[in-house]
Amino acid sequence: MSTPPVPANKPHRGIYLLPNLFTTGAMFAGFYAIIAAIGGHFSDAAIAVFVAGILDGLDGRIARLTNTQSEFGVQYDSLSDMVSFGVAPALVMYTWTLKSLQDFGPFWGKFGWCAAFLYTACAALRLARFNTQVGMADKRYFQGLASPAAAGLAMSFVWAATEHAFDQRLIQILAPVISIVAGLLMVSRVRYYSFKAWPLSDRVPFFWIPLVVLILIALAMEPSGVLLAIAASYVLSGPALTLWGLRLRREKRDSTRAEERVEK
C-alpha cells in the first residue's frame, strides 16, 4: 500500500537559526539594559541598547544574504525591537531621571512615568504600522522616526549626561522633552532617510574612506558625545527633509499652474 503524497504547500516546521540568533542577541541586550538600569548602571544600560541596535541591523542583512527570510523572523524581530527599543529605553529614562520628577510634586511624578509610557506606546504603534506597510512603502525612506533611532537619541543623551555629569536640573528638563518628542516623531508622518538603498553600487567615492576613519577615531575618543551628535543630527534631518519635499512639491505645483495659464 503506497503512502499518500505530501502536499507541496505544507509549511516547514523549523526556523532559520542564524538570523534569529542575532535577533535573540538584540533582545538579550535590551533586557540587560533594563536590569542594568534597575541596578543604577545607566551608562552600561545605554551601551547595551546600542549593542542591541547593532545586532538588530545585522539580523535582517544576514537573512537576506543567506536567503533565510521568513515570516517568523519578521514577527520575532518586531517583538525583539519592542523590548530593546520600546520598553528598555523608556524604563532606563524613567529609572534614571523621570522618576525623580516626583520630588517636585505628585503631578510631576505622574508626568514622568506618563512620558515614559508615551514613548513605549508610540514605539509599539510605530512597529505595528511598519509591519502593515512592508512591501508597499518606499524603501528609501521611513515614515516616522525608526524605533532604533529614537532609542539611540534617548540612550546617547543618558550616556553623555552620565559620563560628563550634566547639571541635574537641565537633565530633569530635557529628559521628558526627549522622551515625548522621540515618541511623537515615531508615529508622525515625517520622512527619514532609511539608508537601505545605499550604497547604490559596490563602488563609492574615495572621500567616504577618510570620512569613516575620522568618525571611528572620534567614536574612540568620545563615544557618548559623538553618538549624541549623530543621533540628534539624524532626528533633525527628518523635519528638514520633509519641509524640503513640501517646498519642492509646492514649486512643482506652482510651475504646473503657470504652464496651464499660459496654455489657456
# chains A, B, ... in the order shown; residues from 1 in each chain; ligands from 1
>>> select_by_dssp(residues="region 70-228 of chain A", states="helix (DSSP H, G or I)", output="MDAnalysis selection string")
chainID A and resid 71:96 98:104 106:132 147:163 168:186 208:221 223:228
>>> residues_around(residues="region 172-181 of chain A", least_positions_apart="5", cutoff="9 Å", atoms="only C-alpha atoms", output="list in words")
Pro89, Ala90, Met93, Tyr94, Thr97, Leu98, Ser100, Leu101, Phe111, Gly112, Ala115, Ala116, Leu118, Tyr119, Ala150, Leu153, Ala154, Phe157, Val158, Asp167 and Met186 of chain A
>>> residues_around(residues="Leu236 (chain A)", least_positions_apart="4", cutoff="12 Å", atoms="only C-alpha atoms", output="PyMOL selection string")
chain A and resi 144-145+149-150+153+181-182+185+190-193+229-232+240-243
>>> write_last_selection(atoms="C-alpha atoms", output="short mmCIF file (atom, residue, chain, number, x, y, z; two decimals), in the first residue's frame")
data_model
loop_
_atom_site.label_atom_id
_atom_site.label_comp_id
_atom_site.auth_asym_id
_atom_site.auth_seq_id
_atom_site.Cartn_x
_atom_site.Cartn_y
_atom_site.Cartn_z
CA GLY A 144 8.27 58.45 11.13
CA LEU A 145 11.42 58.05 13.18
CA ALA A 149 16.98 55.78 16.05
CA ALA A 150 14.61 57.05 18.75
CA LEU A 153 18.74 59.56 20.77
CA VAL A 181 9.49 64.28 21.15
CA ALA A 182 11.14 60.97 20.20
CA LEU A 185 8.26 61.54 15.91
CA VAL A 190 7.89 62.94 8.98
CA ARG A 191 10.15 61.21 6.44
CA TYR A 192 13.58 59.91 7.35
CA TYR A 193 16.21 58.53 5.01
CA ALA A 229 25.62 64.45 17.95
CA ILE A 230 24.93 61.82 15.28
CA ALA A 231 21.57 60.86 16.81
CA ALA A 232 20.46 64.48 17.19
CA ALA A 240 14.31 69.23 7.31
CA LEU A 241 13.81 66.54 4.65
CA THR A 242 10.03 66.74 4.98
CA LEU A 243 9.99 70.55 4.68
#
>>> residues_around(residues="region 28-32 of chain A", least_positions_apart="6", cutoff="7 Å", atoms="only C-alpha atoms", output="PyMOL selection string")
chain A and resi 48-49+51-52+83-84+88
>>> write_last_selection(atoms="N, CA and C atoms", output="PDB file, in the first residue's frame")
ATOM      1  N   ALA A  48      24.220  48.931  26.232  1.00  0.00           N
ATOM      2  CA  ALA A  48      23.524  47.693  25.875  1.00  0.00           C
ATOM      3  C   ALA A  48      22.473  47.941  24.793  1.00  0.00           C
ATOM      4  N   VAL A  49      21.785  49.078  24.854  1.00  0.00           N
ATOM      5  CA  VAL A  49      20.787  49.391  23.824  1.00  0.00           C
ATOM      6  C   VAL A  49      21.469  49.619  22.480  1.00  0.00           C
ATOM      7  N   VAL A  51      24.264  48.166  21.562  1.00  0.00           N
ATOM      8  CA  VAL A  51      24.624  46.815  21.115  1.00  0.00           C
ATOM      9  C   VAL A  51      23.411  46.144  20.482  1.00  0.00           C
ATOM     10  N   ALA A  52      22.235  46.326  21.088  1.00  0.00           N
ATOM     11  CA  ALA A  52      21.003  45.774  20.512  1.00  0.00           C
ATOM     12  C   ALA A  52      20.758  46.355  19.133  1.00  0.00           C
ATOM     13  N   VAL A  83      11.065  45.148  22.798  1.00  0.00           N
ATOM     14  CA  VAL A  83      11.778  45.036  24.071  1.00  0.00           C
ATOM     15  C   VAL A  83      12.978  45.982  24.094  1.00  0.00           C
ATOM     16  N   SER A  84      13.785  45.943  23.028  1.00  0.00           N
ATOM     17  CA  SER A  84      15.061  46.660  23.026  1.00  0.00           C
ATOM     18  C   SER A  84      14.921  48.154  22.790  1.00  0.00           C
ATOM     19  N   ALA A  88      12.841  49.013  26.897  1.00  0.00           N
ATOM     20  CA  ALA A  88      14.117  49.270  27.572  1.00  0.00           C
ATOM     21  C   ALA A  88      14.463  50.763  27.655  1.00  0.00           C
TER      22      ALA A  88
END
